[in-house]
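Worksheet: one structure, shown below.
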Amino acid sequence: MPNIALELGKQSASFGVKSAYGEQQDVDGIRLIPVAVTWSGFGGGSDEAGNGGGGGGGYAVPLGAYVRRGDDLRFEPNIVSFLAVAIPFVWVAGRALSRVVRALKK
């Protein structure tokens, strides 16, 4: 049986920048480069009898795109993704801050 960790390492070598920045697209004279936040995880194991297994997964949140119109280059965010990530983050941060303030008052 091949070493699972080495196989996963070979397959994940192309992750990183390639998964965070998409292929450049040209649409009606406008160049777009999509941008995302990505993360992934893998694991595997085996016992002395040679039984083993592994698995993995990943997730990507589209942040927006770099847009080039003529000489103008700017980042245009994906508002829906921003709200989907920001609302839970603000709720958790506010809850944690309220607990810290409450603990400092005691």
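So you can find residues: chains in the structure tokens are A, B, ... in the order shown, residues in each start at 1, and ligands are numbered from 1 in order.
Counting only C-alpha atoms, Gly64 of chain A has the following residues at most 8 Å away, ignoring those fewer than 3 positions along the same chain: Pro34, Val35, Ala36, Phe75, Glu76, Pro77 and Asn78 of chain A.
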Selected residues written out, all heavy atoms, as a short mmCIF file (atom, residue, chain, number, x, y, z; two decimals), in the first residue's frame:
data_model
loop_
_atom_site.label_atom_id
_atom_site.label_comp_id
_atom_site.auth_asym_id
_atom_site.auth_seq_id
_atom_site.Cartn_x
_atom_site.Cartn_y
_atom_site.Cartn_z
N PRO A 34 -10.62 36.36 -10.66
CA PRO A 34 -11.37 36.08 -9.44
C PRO A 34 -10.44 35.77 -8.25
O PRO A 34 -9.37 35.19 -8.43
CB PRO A 34 -12.22 34.86 -9.80
CG PRO A 34 -11.56 34.27 -10.99
CD PRO A 34 -10.80 35.35 -11.66
N VAL A 35 -10.88 36.19 -7.05
CA VAL A 35 -10.10 36.01 -5.83
C VAL A 35 -10.98 35.32 -4.79
O VAL A 35 -12.14 35.67 -4.63
CB VAL A 35 -9.61 37.36 -5.29
CG1 VAL A 35 -8.79 37.18 -4.02
CG2 VAL A 35 -8.81 38.11 -6.33
N ALA A 36 -10.40 34.36 -4.08
CA ALA A 36 -11.14 33.63 -3.04
C ALA A 36 -10.24 33.34 -1.85
O ALA A 36 -9.01 33.33 -1.98
CB ALA A 36 -11.69 32.32 -3.60
N PHE A 75 -10.08 46.40 -7.26
CA PHE A 75 -10.69 45.21 -6.68
C PHE A 75 -12.16 45.49 -6.43
O PHE A 75 -12.51 46.48 -5.80
CB PHE A 75 -10.00 44.83 -5.36
CG PHE A 75 -10.59 43.61 -4.72
CD1 PHE A 75 -10.30 42.36 -5.20
CD2 PHE A 75 -11.46 43.73 -3.65
CE1 PHE A 75 -10.84 41.23 -4.62
CE2 PHE A 75 -12.01 42.61 -3.06
CZ PHE A 75 -11.70 41.36 -3.55
N GLU A 76 -13.03 44.62 -6.93
CA GLU A 76 -14.47 44.75 -6.69
C GLU A 76 -14.91 43.58 -5.82
O GLU A 76 -14.88 42.43 -6.25
CB GLU A 76 -15.23 44.77 -8.02
CG GLU A 76 -14.93 45.99 -8.83
CD GLU A 76 -15.76 46.10 -10.09
OE1 GLU A 76 -16.69 45.27 -10.28
OE2 GLU A 76 -15.49 47.01 -10.88
N PRO A 77 -15.32 43.87 -4.57
CA PRO A 77 -15.65 42.79 -3.64
C PRO A 77 -16.99 42.13 -3.96
O PRO A 77 -17.87 42.73 -4.58
CB PRO A 77 -15.72 43.51 -2.29
CG PRO A 77 -16.05 44.91 -2.63
CD PRO A 77 -15.41 45.19 -3.96
N ASN A 78 -17.14 40.91 -3.51
CA ASN A 78 -18.40 40.17 -3.59
C ASN A 78 -19.15 40.45 -2.29
O ASN A 78 -18.81 39.92 -1.24
CB ASN A 78 -18.11 38.68 -3.75
CG ASN A 78 -19.37 37.86 -3.89
OD1 ASN A 78 -20.46 38.31 -3.56
ND2 ASN A 78 -19.20 36.64 -4.35
#
Backbone DSSP call of strand (DSSP E) for chain A, listed as a ChimeraX atom specification: /A:25-27,30-46,52-69,72-77
Those in chain A with helix (DSSP H, G or I) from DSSP, as a ChimeraX atom specification: /A:4-14,17-20,79-105
Nearby residues (only C-alpha atoms) at most 7 Å from segment 40-45 of chain A, same-chain spacing under 4 positions excluded, as an NGL selection string: :A and (4-5 or 52-59)
Restricting the output to N, CA and C atoms, write the selected residues as an mmCIF file, in the first residue's frame.
data_model
loop_
_atom_site.group_PDB
_atom_site.id
_atom_site.type_symbol
_atom_site.label_atom_id
_atom_site.label_comp_id
_atom_site.auth_asym_id
_atom_site.auth_seq_id
_atom_site.Cartn_x
_atom_site.Cartn_y
_atom_site.Cartn_z
ATOM 1 N N ILE A 4 0.150 7.103 2.321
ATOM 2 C CA ILE A 4 -0.942 8.054 2.103
ATOM 3 C C ILE A 4 -0.465 9.496 2.243
ATOM 4 N N ALA A 5 0.391 9.756 3.223
ATOM 5 C CA ALA A 5 0.865 11.126 3.442
ATOM 6 C C ALA A 5 1.637 11.639 2.232
ATOM 7 N N GLY A 52 -5.702 0.765 6.281
ATOM 8 C CA GLY A 52 -5.512 2.203 6.332
ATOM 9 C C GLY A 52 -6.553 2.931 5.518
ATOM 10 N N GLY A 53 -6.517 4.219 5.653
ATOM 11 C CA GLY A 53 -7.451 5.050 4.917
ATOM 12 C C GLY A 53 -7.073 6.506 5.064
ATOM 13 N N GLY A 54 -7.741 7.307 4.321
ATOM 14 C CA GLY A 54 -7.463 8.730 4.383
ATOM 15 C C GLY A 54 -8.601 9.515 3.778
ATOM 16 N N GLY A 55 -8.532 10.787 3.955
ATOM 17 C CA GLY A 55 -9.565 11.637 3.405
ATOM 18 C C GLY A 55 -9.154 13.081 3.488
ATOM 19 N N GLY A 56 -9.970 13.907 2.928
ATOM 20 C CA GLY A 56 -9.668 15.324 2.950
ATOM 21 C C GLY A 56 -10.826 16.137 2.420
ATOM 22 N N GLY A 57 -10.660 17.400 2.510
ATOM 23 C CA GLY A 57 -11.701 18.293 2.020
ATOM 24 C C GLY A 57 -11.186 19.710 1.955
ATOM 25 N N GLY A 58 -11.970 20.544 1.355
ATOM 26 C CA GLY A 58 -11.578 21.932 1.225
ATOM 27 C C GLY A 58 -12.792 22.831 1.131
ATOM 28 N N TYR A 59 -12.540 24.113 1.228
ATOM 29 C CA TYR A 59 -13.616 25.093 1.200
ATOM 30 C C TYR A 59 -13.078 26.373 0.574
#
